[in-house]
Amino acid sequence: MASQTLTEWSNGLCDCFEDASTCCYGFWCCPCLACTVSGKFGENQCLPLCDICSPAVLTACGIPLFVPPAVLSLRVAMRNRYGIKGSICKDIAASCFCVWCSWCQMHRELKHRNKNRTVVVNVQPAPVVMVQRNPPPPVVVMNQPGVIMTSY
């Protein structure tokens, strides 16, 4: 297994003012931001609904749930995919005590990673085939009696 050099997050957990649009998006509609982050990361967009529904369902069954599962799993997966330093303990702390900040940080990280992506577009024109729809009438030439020559 090849070793990967670990990097830091491109922004801090509380660096909301580095990207005001993400900060506003997370403040005014954090569930929508969470679904956006999940979709952009390649997961099901409805995954963050587990954070909303699972505590109520599990508490009704007598099982207390303190850690939101979707934000924690996406945070760990993002750290592993991009080689970001950290630990599961730090991810649990960020997921439990700063859930909105955690979603905003992951959104800013995805924007940072996608900004550095290079897209190559093939600009070669498609081949063109010329078809003659109405060919000109053939030219008929008689040079000897009984011999007809045609030309197109």
# chains A, B, ... in the order shown; residues from 1 in each chain; ligands from 1

$ closest_atom_pairs --of "range 13-32 of chain A" --to "range 65-87 of chain A" --cutoff "12 Å" --atoms "only C-alpha atoms" --output "JSON lines"
{"residue": "A:Leu13", "atom": "CA", "partner": "A:Arg75", "partner_atom": "CA", "distance": 11.7}
{"residue": "A:Cys30", "atom": "CA", "partner": "A:Val71", "partner_atom": "CA", "distance": 11.6}
{"residue": "A:Pro31", "atom": "CA", "partner": "A:Val71", "partner_atom": "CA", "distance": 11.0}

$ write_last_selection --atoms "N, CA, C and O atoms" --output "short mmCIF file (atom, residue, chain, number, x, y, z; two decimals), in the first residue's frame"
data_model
loop_
_atom_site.label_atom_id
_atom_site.label_comp_id
_atom_site.auth_asym_id
_atom_site.auth_seq_id
_atom_site.Cartn_x
_atom_site.Cartn_y
_atom_site.Cartn_z
N LEU A 13 -12.43 24.94 10.53
CA LEU A 13 -13.80 24.61 10.88
C LEU A 13 -14.66 25.86 11.03
O LEU A 13 -15.82 25.87 10.63
N CYS A 30 -29.31 24.74 6.44
CA CYS A 30 -28.27 23.72 6.62
C CYS A 30 -28.68 22.36 6.04
O CYS A 30 -27.84 21.68 5.45
N PRO A 31 -29.95 21.92 6.16
CA PRO A 31 -30.29 20.64 5.53
C PRO A 31 -30.08 20.64 4.02
O PRO A 31 -29.64 19.64 3.44
#

$ residues_around --residues "Ser10 in chain A" --least-positions-apart "3" --cutoff "8 Å" --atoms "only C-alpha atoms" --output "JSON, numbers by chain"
{"A": [108, 109, 112]}

$ write_last_selection --atoms "N, CA, C and O atoms" --output "compact mmCIF listing (two decimals), in the first residue's frame"
# COMPACT_ATOMS: atom_id res chain seq x y z
N ARG A 108 -16.89 23.98 1.55
CA ARG A 108 -15.75 24.80 1.10
C ARG A 108 -14.62 23.91 0.57
O ARG A 108 -13.97 24.26 -0.41
N GLU A 109 -14.41 22.76 1.20
CA GLU A 109 -13.35 21.84 0.73
C GLU A 109 -13.67 21.31 -0.66
O GLU A 109 -12.80 21.25 -1.53
N HIS A 112 -13.05 24.02 -3.14
CA HIS A 112 -11.60 24.19 -3.32
C HIS A 112 -11.04 23.08 -4.21
O HIS A 112 -10.25 23.35 -5.11

$ closest_residue --among "A:Leu6, A:Cys14, A:Val128, A:Asp51" --to "Ala94 in chain A" --atoms "only C-alpha atoms"
A:Cys14

$ atom_distance --atom1 "CA of Lys40 in chain A" --atom2 "CA of Trp100 in chain A"
17.1 Å

$ residues_around --residues "Asn11 in chain A" --least-positions-apart "2" --cutoff "12 Å" --atoms "only C-alpha atoms" --output "PyMOL selection string"
chain A and resi 7-9+13-19+84+101-102+104-113

$ select_by_dssp --residues "range 22-99 of chain A" --states "helix (DSSP H, G or I)" --output "VMD selection string"
chain A and resid 22 to 28 30 to 40 49 to 60 69 to 82 88 to 97 99

$ write_last_selection --atoms "C-alpha atoms" --output "mmCIF file, in the first residue's frame"
data_model
loop_
_atom_site.group_PDB
_atom_site.id
_atom_site.type_symbol
_atom_site.label_atom_id
_atom_site.label_comp_id
_atom_site.auth_asym_id
_atom_site.auth_seq_id
_atom_site.Cartn_x
_atom_site.Cartn_y
_atom_site.Cartn_z
ATOM 1 C CA THR A 22 -21.406 28.974 1.864
ATOM 2 C CA CYS A 23 -21.795 30.536 5.306
ATOM 3 C CA CYS A 24 -25.187 32.022 4.405
ATOM 4 C CA TYR A 25 -26.301 28.818 2.717
ATOM 5 C CA GLY A 26 -25.402 26.799 5.815
ATOM 6 C CA PHE A 27 -26.920 29.298 8.240
ATOM 7 C CA TRP A 28 -30.251 29.744 6.493
ATOM 8 C CA CYS A 30 -28.273 23.720 6.615
ATOM 9 C CA PRO A 31 -30.287 20.635 5.534
ATOM 10 C CA CYS A 32 -30.155 21.864 1.920
ATOM 11 C CA LEU A 33 -26.398 22.496 2.205
ATOM 12 C CA ALA A 34 -25.923 19.010 3.669
ATOM 13 C CA CYS A 35 -27.794 17.428 0.754
ATOM 14 C CA THR A 36 -25.721 19.488 -1.705
ATOM 15 C CA VAL A 37 -22.439 18.380 -0.095
ATOM 16 C CA SER A 38 -23.549 14.758 -0.109
ATOM 17 C CA GLY A 39 -24.488 14.916 -3.800
ATOM 18 C CA LYS A 40 -21.300 16.712 -4.865
ATOM 19 C CA LEU A 49 -31.840 12.942 6.220
ATOM 20 C CA CYS A 50 -30.393 10.178 8.429
ATOM 21 C CA ASP A 51 -29.112 12.910 10.733
ATOM 22 C CA ILE A 52 -32.652 14.268 11.062
ATOM 23 C CA CYS A 53 -34.677 11.036 11.226
ATOM 24 C CA SER A 54 -32.432 8.511 12.967
ATOM 25 C CA PRO A 55 -32.228 10.190 16.426
ATOM 26 C CA ALA A 56 -36.013 10.294 16.741
ATOM 27 C CA VAL A 57 -36.512 6.711 15.544
ATOM 28 C CA LEU A 58 -33.715 5.261 17.682
ATOM 29 C CA THR A 59 -34.780 7.216 20.785
ATOM 30 C CA ALA A 60 -38.305 5.843 20.358
ATOM 31 C CA PRO A 69 -24.194 9.458 11.365
ATOM 32 C CA ALA A 70 -24.272 11.186 7.958
ATOM 33 C CA VAL A 71 -22.051 14.156 8.773
ATOM 34 C CA LEU A 72 -19.580 11.888 10.573
ATOM 35 C CA SER A 73 -19.383 9.309 7.779
ATOM 36 C CA LEU A 74 -19.054 11.950 5.039
ATOM 37 C CA ARG A 75 -16.402 13.822 7.024
ATOM 38 C CA VAL A 76 -14.332 10.651 7.506
ATOM 39 C CA ALA A 77 -14.779 9.638 3.856
ATOM 40 C CA MET A 78 -13.702 13.103 2.671
ATOM 41 C CA ARG A 79 -10.594 13.010 4.866
ATOM 42 C CA ASN A 80 -9.671 9.574 3.510
ATOM 43 C CA ARG A 81 -10.316 10.427 -0.160
ATOM 44 C CA TYR A 82 -8.347 13.678 -0.123
ATOM 45 C CA ILE A 88 -11.992 9.939 14.152
ATOM 46 C CA CYS A 89 -12.111 11.622 17.584
ATOM 47 C CA LYS A 90 -11.784 15.079 16.007
ATOM 48 C CA ASP A 91 -14.431 14.146 13.436
ATOM 49 C CA ILE A 92 -16.827 13.039 16.187
ATOM 50 C CA ALA A 93 -16.249 16.275 18.110
ATOM 51 C CA ALA A 94 -16.834 18.414 15.001
ATOM 52 C CA SER A 95 -19.914 16.380 14.044
ATOM 53 C CA CYS A 96 -21.489 16.591 17.506
ATOM 54 C CA PHE A 97 -20.713 20.117 18.619
ATOM 55 C CA VAL A 99 -22.599 20.284 12.871
#

$ atom_distance --atom1 "CA of Trp103 in chain A" --atom2 "CA of Gly12 in chain A"
11.8 Å
